[in-house]
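> File name input_21.csv; file contents CSV, C-alpha atoms; full text below.
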```csv
chain,number,residue,atom,x,y,z
A,1,MET,CA,145.0,54.0,94.3
A,2,SER,CA,144.0,52.3,91.0
A,3,ASN,CA,142.9,54.5,88.1
A,4,ARG,CA,139.5,52.9,88.2
A,5,LYS,CA,139.1,54.0,91.8
A,6,LYS,CA,140.2,57.5,91.0
A,7,ILE,CA,137.7,57.7,88.2
A,8,GLY,CA,135.0,56.4,90.4
A,9,ILE,CA,135.7,59.0,93.1
A,10,LEU,CA,135.7,61.8,90.4
A,11,VAL,CA,132.4,60.6,88.9
A,12,LEU,CA,130.9,60.5,92.4
A,13,LEU,CA,132.2,64.0,93.1
A,14,GLY,CA,130.9,65.3,89.8
A,15,LEU,CA,127.5,63.8,90.4
A,16,SER,CA,127.2,65.3,93.9
A,17,VAL,CA,128.2,68.8,92.5
A,18,VAL,CA,125.5,68.4,89.8
A,19,ALA,CA,123.0,67.3,92.3
A,20,TYR,CA,123.8,70.1,94.7
A,21,LEU,CA,123.6,72.7,91.9
A,22,GLY,CA,120.3,71.2,90.7
A,23,TYR,CA,118.9,71.3,94.2
A,24,THR,CA,119.9,74.9,94.8
A,25,TYR,CA,118.4,75.9,91.5
A,26,MET,CA,115.2,74.1,92.1
A,27,TYR,CA,114.8,75.2,95.7
A,28,HIS,CA,116.4,78.7,95.7
A,29,ASP,CA,114.9,81.2,98.1
A,30,HIS,CA,112.0,83.6,97.4
A,31,ARG,CA,113.0,87.2,96.6
A,32,ASP,CA,113.6,89.2,99.8
A,33,ILE,CA,112.1,92.5,98.8
A,34,GLN,CA,113.3,94.3,101.9
A,35,SER,CA,116.9,93.5,101.2
A,36,GLU,CA,116.7,94.5,97.5
A,37,ALA,CA,117.7,97.9,96.4
A,38,PRO,CA,114.7,99.8,95.1
A,39,SER,CA,114.6,100.4,91.3
A,40,LEU,CA,112.5,103.5,91.7
A,41,THR,CA,111.7,105.9,94.5
A,42,ILE,CA,108.5,107.8,93.6
A,43,SER,CA,105.4,109.4,94.9
A,44,SER,CA,102.0,107.6,94.8
A,45,SER,CA,100.7,109.8,92.0
A,46,GLN,CA,103.8,109.4,89.9
A,47,LEU,CA,103.4,105.6,90.3
A,48,VAL,CA,99.8,105.7,89.1
A,49,ALA,CA,100.9,107.9,86.2
A,50,LEU,CA,103.3,105.2,85.1
A,51,PHE,CA,100.4,102.8,84.6
A,52,GLU,CA,98.3,105.5,82.9
A,53,THR,CA,101.0,106.2,80.3
A,54,GLU,CA,101.6,102.5,79.5
A,55,SER,CA,105.0,102.6,81.2
A,56,ALA,CA,104.0,99.8,83.6
A,57,GLU,CA,107.0,97.7,82.9
A,58,GLU,CA,109.2,100.2,84.7
A,59,ALA,CA,107.4,99.3,87.9
A,60,LEU,CA,105.8,95.9,87.5
A,61,ASN,CA,107.3,93.2,89.7
A,62,LYS,CA,110.0,95.7,90.7
A,63,THR,CA,111.0,96.7,94.2
A,64,LEU,CA,109.9,100.3,94.8
A,65,VAL,CA,109.8,102.9,97.5
A,66,VAL,CA,106.6,104.9,97.3
A,67,SER,CA,105.8,108.0,99.4
A,68,GLY,CA,102.3,109.2,100.2
A,69,VAL,CA,99.8,110.1,102.9
A,70,VAL,CA,97.9,107.3,104.6
A,71,THR,CA,94.2,107.6,103.6
A,72,LYS,CA,92.9,104.3,104.8
A,73,ILE,CA,93.9,101.4,107.0
A,74,ASP,CA,92.0,98.1,106.4
A,75,GLY,CA,93.5,95.1,108.1
A,76,SER,CA,96.9,94.4,106.6
A,77,LEU,CA,96.3,96.8,103.7
A,78,ILE,CA,97.2,100.5,103.9
A,79,THR,CA,96.1,102.9,101.2
A,80,LEU,CA,98.2,105.9,100.2
A,81,ASP,CA,96.5,109.0,98.8
A,82,ASP,CA,93.5,106.8,97.8
A,83,VAL,CA,95.5,105.5,94.8
A,84,VAL,CA,98.2,103.0,96.0
A,85,ASP,CA,97.3,99.9,98.1
A,86,CYS,CA,100.1,98.5,100.1
A,87,VAL,CA,99.7,94.9,101.4
A,88,PHE,CA,101.8,94.1,104.5
A,89,GLY,CA,102.9,90.7,105.6
A,90,VAL,CA,103.4,92.0,109.1
A,91,LEU,CA,101.4,95.1,109.9
A,92,PRO,CA,103.7,97.9,111.4
A,93,GLU,CA,102.6,99.1,114.8
A,94,SER,CA,103.1,102.9,114.7
A,95,PHE,CA,101.4,104.8,111.9
A,96,TYR,CA,98.2,106.6,111.5
A,97,VAL,CA,95.8,108.1,109.0
A,98,ASN,CA,97.0,111.4,107.5
A,99,GLU,CA,100.6,110.5,108.2
A,100,ARG,CA,103.1,110.8,105.4
A,101,ILE,CA,105.0,107.6,105.0
A,102,HIS,CA,107.5,105.8,102.7
A,103,VAL,CA,106.7,102.3,101.9
A,104,LYS,CA,109.1,99.7,100.4
A,105,GLY,CA,107.4,96.9,98.5
A,106,ARG,CA,107.0,95.0,95.3
A,107,CYS,CA,104.7,96.5,92.7
A,108,ILE,CA,102.2,93.8,91.5
A,109,GLY,CA,100.1,95.8,89.1
A,110,PHE,CA,97.2,98.1,88.5
A,111,ASP,CA,93.8,97.1,89.8
A,112,ASP,CA,91.2,98.5,87.3
A,113,LEU,CA,88.3,97.5,89.6
A,114,MET,CA,89.5,99.7,92.4
A,115,GLY,CA,91.5,102.2,90.4
A,116,THR,CA,94.7,101.6,92.5
A,117,VAL,CA,98.2,100.3,92.0
A,118,LYS,CA,99.0,97.5,94.4
A,119,LEU,CA,102.2,96.7,96.2
A,120,ASP,CA,102.8,93.5,98.3
A,121,GLN,CA,105.5,92.4,100.9
A,122,CYS,CA,105.5,96.0,102.1
A,123,GLN,CA,107.4,97.6,105.0
A,124,ILE,CA,107.4,101.2,106.2
A,125,ILE,CA,110.9,102.7,106.0
A,126,ASN,CA,110.4,106.2,107.4
B,1,MET,CA,50.7,120.7,87.3
B,2,ARG,CA,50.0,117.0,87.0
B,3,HIS,CA,53.2,116.5,85.0
B,4,TYR,CA,55.1,118.4,87.6
B,5,ILE,CA,53.9,116.0,90.3
B,6,ILE,CA,54.7,112.9,88.2
B,7,PHE,CA,58.1,114.3,87.5
B,8,THR,CA,58.8,115.0,91.2
B,9,LEU,CA,57.5,111.5,92.1
B,10,THR,CA,59.7,109.8,89.5
B,11,LEU,CA,62.6,111.8,90.8
B,12,CYS,CA,61.9,110.8,94.4
B,13,ILE,CA,61.5,107.2,93.5
B,14,GLY,CA,64.8,107.4,91.5
B,15,PHE,CA,66.5,108.8,94.6
B,16,LEU,CA,65.1,106.2,96.8
B,17,GLY,CA,66.3,103.5,94.4
B,18,ALA,CA,69.7,105.0,94.3
B,19,LYS,CA,69.9,105.3,98.0
B,20,ALA,CA,68.9,101.7,98.6
B,21,GLN,CA,71.6,100.5,96.3
B,22,GLU,CA,74.0,98.5,98.4
B,23,LYS,CA,77.5,98.0,97.1
B,24,PHE,CA,80.0,95.8,98.9
B,25,SER,CA,83.6,95.5,98.2
B,26,THR,CA,86.9,94.1,99.3
B,27,LYS,CA,90.6,94.4,98.4
B,28,THR,CA,91.8,91.4,100.4
B,29,GLY,CA,89.8,88.5,98.9
B,30,THR,CA,91.6,85.1,98.7
B,31,ILE,CA,92.0,82.8,95.7
B,32,VAL,CA,93.8,79.5,96.1
B,33,PHE,CA,94.4,77.2,93.2
B,34,GLU,CA,95.8,73.7,93.2
B,35,ALA,CA,97.1,71.6,90.3
B,36,SER,CA,98.9,69.0,92.3
B,37,VAL,CA,99.5,65.4,91.1
B,38,PRO,CA,99.8,62.7,93.8
B,39,SER,CA,103.4,61.8,94.7
B,40,PHE,CA,104.8,64.9,93.0
B,41,GLU,CA,105.7,68.3,94.4
B,42,GLU,CA,102.7,70.3,95.5
B,43,VAL,CA,101.5,72.8,92.8
B,44,LYS,CA,99.5,75.3,94.9
B,45,ALA,CA,99.4,79.1,95.1
B,46,LYS,CA,97.5,81.6,97.1
B,47,ASN,CA,96.6,85.2,96.4
B,48,GLU,CA,95.4,87.2,99.4
B,49,SER,CA,94.9,90.6,97.8
B,50,VAL,CA,92.0,89.9,95.3
B,51,SER,CA,89.6,92.8,94.7
B,52,ALA,CA,85.9,92.2,94.4
B,53,LEU,CA,82.7,94.2,94.1
B,54,PHE,CA,79.1,93.0,94.7
B,55,ASN,CA,75.9,94.9,94.0
B,56,GLU,CA,73.4,93.5,96.5
B,57,ASN,CA,70.4,94.9,94.5
B,58,THR,CA,71.2,93.4,91.2
B,59,GLY,CA,73.4,90.4,92.1
B,60,ASP,CA,76.2,91.7,89.8
B,61,PHE,CA,79.6,90.6,90.9
B,62,ALA,CA,83.1,91.4,89.7
B,63,SER,CA,86.6,90.4,90.8
B,64,LEU,CA,90.2,91.0,89.8
B,65,ALA,CA,93.3,89.1,90.8
B,66,LEU,CA,96.8,90.3,89.9
B,67,MET,CA,98.8,87.4,88.7
B,68,ASN,CA,102.0,88.5,90.4
B,69,ALA,CA,100.3,88.3,93.8
B,70,PHE,CA,100.0,84.5,93.6
B,71,ARG,CA,102.5,83.1,96.1
B,72,PHE,CA,103.9,79.5,95.8
B,73,LYS,CA,105.9,77.6,98.4
B,74,VAL,CA,108.7,77.0,95.9
B,75,ALA,CA,110.2,80.2,94.5
B,76,LEU,CA,111.2,78.6,91.2
B,77,MET,CA,107.6,77.4,90.6
B,78,GLU,CA,106.4,81.0,91.2
B,79,GLU,CA,108.9,82.3,88.6
B,80,HIS,CA,107.9,79.7,86.0
B,81,PHE,CA,104.2,80.5,86.7
B,82,ASN,CA,104.7,84.2,86.0
B,83,GLU,CA,107.4,84.1,83.3
B,84,ASN,CA,106.5,81.0,81.3
B,85,TYR,CA,102.9,80.0,81.9
B,86,MET,CA,100.8,83.1,82.7
B,87,GLU,CA,103.2,85.6,81.1
B,88,SER,CA,102.3,88.0,83.9
B,89,SER,CA,104.1,91.0,82.4
B,90,LYS,CA,102.0,90.8,79.3
B,91,PHE,CA,98.8,89.6,81.0
B,92,PRO,CA,99.0,91.0,84.6
B,93,LYS,CA,95.5,90.2,85.8
B,94,ALA,CA,92.6,87.8,85.8
B,95,VAL,CA,89.1,89.3,85.8
B,96,PHE,CA,85.8,87.7,86.4
B,97,LYS,CA,82.5,89.5,85.8
B,98,GLY,CA,79.1,87.8,86.4
B,99,THR,CA,75.6,87.9,87.7
B,100,LEU,CA,73.7,85.7,90.2
B,101,LYS,CA,70.9,83.8,88.5
B,102,GLU,CA,67.3,84.0,89.8
B,103,TYR,CA,68.6,86.5,92.4
B,104,SER,CA,66.8,88.8,94.7
B,105,SER,CA,68.4,90.6,97.6
B,106,GLU,CA,65.8,89.1,100.0
B,107,LYS,CA,67.3,85.7,99.3
B,108,ILE,CA,70.5,86.7,101.2
B,109,SER,CA,70.4,85.9,104.9
B,110,ALA,CA,72.7,85.0,107.7
B,111,THR,CA,72.7,81.3,106.6
B,112,PRO,CA,74.8,80.4,103.6
B,113,GLN,CA,72.6,80.2,100.5
B,114,LYS,CA,73.5,78.5,97.2
B,115,PHE,CA,73.3,80.6,94.1
B,116,GLU,CA,74.3,80.0,90.5
B,117,MET,CA,76.7,82.6,89.0
B,118,GLU,CA,77.0,83.1,85.3
B,119,GLY,CA,79.7,85.2,83.8
B,120,SER,CA,83.0,85.3,82.0
B,121,ILE,CA,86.6,85.0,83.1
B,122,THR,CA,89.5,86.6,81.4
B,123,LEU,CA,92.8,85.0,82.0
B,124,HIS,CA,96.1,85.1,80.0
B,125,GLY,CA,94.3,87.3,77.5
B,126,VAL,CA,91.5,84.8,76.8
B,127,THR,CA,87.9,85.3,77.8
B,128,LYS,CA,85.7,82.2,78.5
B,129,ALA,CA,82.2,81.8,79.9
B,130,LEU,CA,82.1,80.5,83.4
B,131,ARG,CA,79.2,79.1,85.3
B,132,THR,CA,79.7,78.2,88.9
B,133,GLU,CA,77.9,77.6,92.2
B,134,VAL,CA,78.5,80.2,94.9
B,135,MET,CA,77.6,80.3,98.6
B,136,ILE,CA,76.6,83.7,100.0
B,137,HIS,CA,75.6,84.9,103.4
B,138,LYS,CA,75.5,88.2,105.1
B,139,LYS,CA,76.3,89.2,108.7
B,140,GLY,CA,75.8,92.8,109.7
B,141,ASN,CA,77.8,94.9,107.2
B,142,GLU,CA,79.6,92.0,105.7
B,143,VAL,CA,78.8,89.8,102.7
B,144,PHE,CA,80.6,86.4,102.6
B,145,VAL,CA,81.1,84.8,99.2
B,146,THR,CA,82.8,81.5,98.5
B,147,SER,CA,83.0,79.3,95.4
B,148,ASP,CA,84.9,76.4,94.0
B,149,PHE,CA,85.4,75.7,90.3
B,150,ASP,CA,87.8,74.0,87.8
B,151,LEU,CA,89.7,75.6,85.0
B,152,LYS,CA,91.7,74.0,82.2
B,153,PRO,CA,95.0,75.7,81.2
B,154,GLU,CA,94.5,74.6,77.6
B,155,ASP,CA,91.2,76.7,77.5
B,156,PHE,CA,93.3,79.8,78.1
B,157,ASN,CA,96.1,79.0,75.7
B,158,ILE,CA,98.4,78.2,78.6
B,159,GLU,CA,101.0,75.7,77.4
B,160,ILE,CA,102.5,73.3,79.9
B,161,PRO,CA,105.8,71.9,78.5
B,162,SER,CA,105.7,68.1,78.2
B,163,VAL,CA,108.7,67.8,80.6
B,164,VAL,CA,106.5,68.9,83.5
B,165,SER,CA,103.1,68.1,82.2
B,166,ASN,CA,102.9,64.9,84.2
B,167,LYS,CA,103.6,66.9,87.4
B,168,ILE,CA,100.8,69.4,86.8
B,169,ALA,CA,97.1,68.3,86.9
B,170,GLU,CA,95.1,68.8,83.7
B,171,THR,CA,92.3,70.6,85.6
B,172,ILE,CA,93.1,73.2,88.1
B,173,ASN,CA,90.9,73.5,91.2
B,174,VAL,CA,90.2,77.1,92.1
B,175,SER,CA,88.6,78.2,95.4
B,176,VAL,CA,87.7,81.7,96.1
B,177,ASN,CA,86.8,83.4,99.4
B,178,TYR,CA,85.6,87.0,99.8
B,179,ILE,CA,84.5,89.0,102.8
B,180,LEU,CA,83.0,92.2,101.3
B,181,THR,CA,82.1,95.2,103.4
B,182,LYS,CA,79.6,98.0,102.6
B,183,SER,CA,81.3,100.7,100.6
```
For the file at hand, write its structure as structure tokens.

Amino acid sequence: MSNRKKIGILVLLGLSVVAYLGYTYMYHDHRDIQSEAPSLTISSSQLVALFETESAEEALNKTLVVSGVVTKIDGSLITLDDVVDCVFGVLPESFYVNERIHVKGRCIGFDDLMGTVKLDQCQIIN
Amino acid sequence: MRHYIIFTLTLCIGFLGAKAQEKFSTKTGTIVFEASVPSFEEVKAKNESVSALFNENTGDFASLALMNAFRFKVALMEEHFNENYMESSKFPKAVFKGTLKEYSSEKISATPQKFEMEGSITLHGVTKALRTEVMIHKKGNEVFVTSDFDLKPEDFNIEIPSVVSNKIAETINVSVNYILTKS
């Protein structure tokens, strides 16, 4: 094989690696909250306290496990102790009001309008 | 004695007024925004957990969207949106507060009615006046509110790097959709 051919093959190989890396960077998957290890395991009131004491960065955009008693079920949204709203992608089948549950989800922030901390991509992990 | 009667009457009227006050709310409103440019990747995101409050008596309206709740099809776009453009850890929410113009609760019926909403929107730490048309109707215990408006990133000090600026539209179309229930 001539040197020129070898270089040509190497360049082609290099380019395809760059293209592959570029593509996987551009189109990497969304975070899978349920497979992530939780950075905090806390109660609903402790979570609210984090936002009241300006320690929001400990929770914001992090995967958490929050425990509390179900106070309201509204479509795909479950409220724990009136202070934490959990948004589910797929609503679990077996749970009821007044039940104590553990919810794993991503904390998306404090909702001043409703006075609740919100989690999304939730799943019950009792 | 007369003072006493007037006082009691005022109190009663006050109570009646308070009782007739109808507040509606939702925690699962939807906001979709799109800033796509033809022949480039779609720039579109959806937030399905927007909170909103509506006072049927006064026409006052408020809504709050958490920035982290906007979901994009492309994960990297979502990361850039939160980390570089909206700086969601610093400015985690967008808030709108407004009032319907020339409003009276009798104007709301089962058929969608057009109203003008005047208020202010706070986004990325910047507050701007916003005037938009909204469609409102009511069915039973539910009030339906929809609206469409345009926003410009530059108005809110959101810098789009020149490398991607040709792939993101200059005006961003926002459509909102709320189904509020009596609270």
> Neighbours of range 103-109 of chain A within 6 Å (all atoms listed in the file; same-chain residues fewer than 3 positions away dropped), as a list of chain:residue names?
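Here the qualifying residues turn out to be A:Leu60, A:Asn61, A:Lys62, A:Thr63, A:Leu64, A:Val65, A:Val66, A:Val117, A:Lys118, A:Leu119, A:Asp120, A:Gln121, A:Cys122, A:Gln123, A:Ile124, A:Ile125, B:Asn68.
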> Would you mind telling me which residue in B:Ile121, B:Ala169, B:Leu76, B:Ala129 lies nearest to Gly22 in chain A when using all atoms listed in the file?
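Going through B:Ile121, B:Ala169, B:Leu76, B:Ala129 one by one, the smallest distance to Gly22 in chain A is for B:Leu76.
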> Tell me which protein, DNA and RNA residues are within 6 Å of Phe70 in chain B, counting only C-alpha atoms, leaving out same-chain ones fewer than 5 positions away, and put them as an mmCIF file with C-alpha atoms, in the frame of the given file.

```cif
data_model
loop_
_atom_site.group_PDB
_atom_site.id
_atom_site.type_symbol
_atom_site.label_atom_id
_atom_site.label_comp_id
_atom_site.auth_asym_id
_atom_site.auth_seq_id
_atom_site.Cartn_x
_atom_site.Cartn_y
_atom_site.Cartn_z
ATOM 1 C CA ALA B 45 99.400 79.100 95.100
ATOM 2 C CA LYS B 46 97.500 81.600 97.100
ATOM 3 C CA ASN B 47 96.600 85.200 96.400
#
```
> Please, what distance in Å, to one decimal, runs between CA of Thr122 in chain B and CA of Lys93 in chain B?
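Calculated distance between CA of Thr122 in chain B and CA of Lys93 in chain B is 8.3 Å.
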> Report as a list in words the set of chain A residues whose atoms approach chain B to within 9 Å, with distances computed over only C-alpha atoms.
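Matching residues, ligands excluded from the count: Tyr25, Met26, Tyr27, His28, Asp29, His30, Arg31, Ala56, Glu57, Leu60, Asn61, Asp74, Gly75, Ser76, Leu77, Asp85, Val87, Cys107, Ile108, Gly109, Phe110, Asp111, Asp112, Leu113, Met114, Lys118, Leu119 and Asp120 of chain A.
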> Could you give me, as a ChimeraX atom specification, the residues that sit within 12 Å of (83.5, 82.4, 77.4) in the file's coordinates, counting only C-alpha atoms?
/B:96-98,118-123,125-131,151,155-156
> Please, could you write that set of residues out with C-alpha atoms as a short mmCIF file (atom, residue, chain, number, x, y, z; two decimals), in the coordinates of the input?

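Saved to selection28.cif:
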```cif
data_model
loop_
_atom_site.label_atom_id
_atom_site.label_comp_id
_atom_site.auth_asym_id
_atom_site.auth_seq_id
_atom_site.Cartn_x
_atom_site.Cartn_y
_atom_site.Cartn_z
CA PHE B 96 85.80 87.70 86.40
CA LYS B 97 82.50 89.50 85.80
CA GLY B 98 79.10 87.80 86.40
CA GLU B 118 77.00 83.10 85.30
CA GLY B 119 79.70 85.20 83.80
CA SER B 120 83.00 85.30 82.00
CA ILE B 121 86.60 85.00 83.10
CA THR B 122 89.50 86.60 81.40
CA LEU B 123 92.80 85.00 82.00
CA GLY B 125 94.30 87.30 77.50
CA VAL B 126 91.50 84.80 76.80
CA THR B 127 87.90 85.30 77.80
CA LYS B 128 85.70 82.20 78.50
CA ALA B 129 82.20 81.80 79.90
CA LEU B 130 82.10 80.50 83.40
CA ARG B 131 79.20 79.10 85.30
CA LEU B 151 89.70 75.60 85.00
CA ASP B 155 91.20 76.70 77.50
CA PHE B 156 93.30 79.80 78.10
#
```
> Could you jot down the CA of Tyr23 in chain A to CA of Ile31 in chain B separation for me, Å, one decimal place?
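Here the two named atoms are 29.3 Å from each other.
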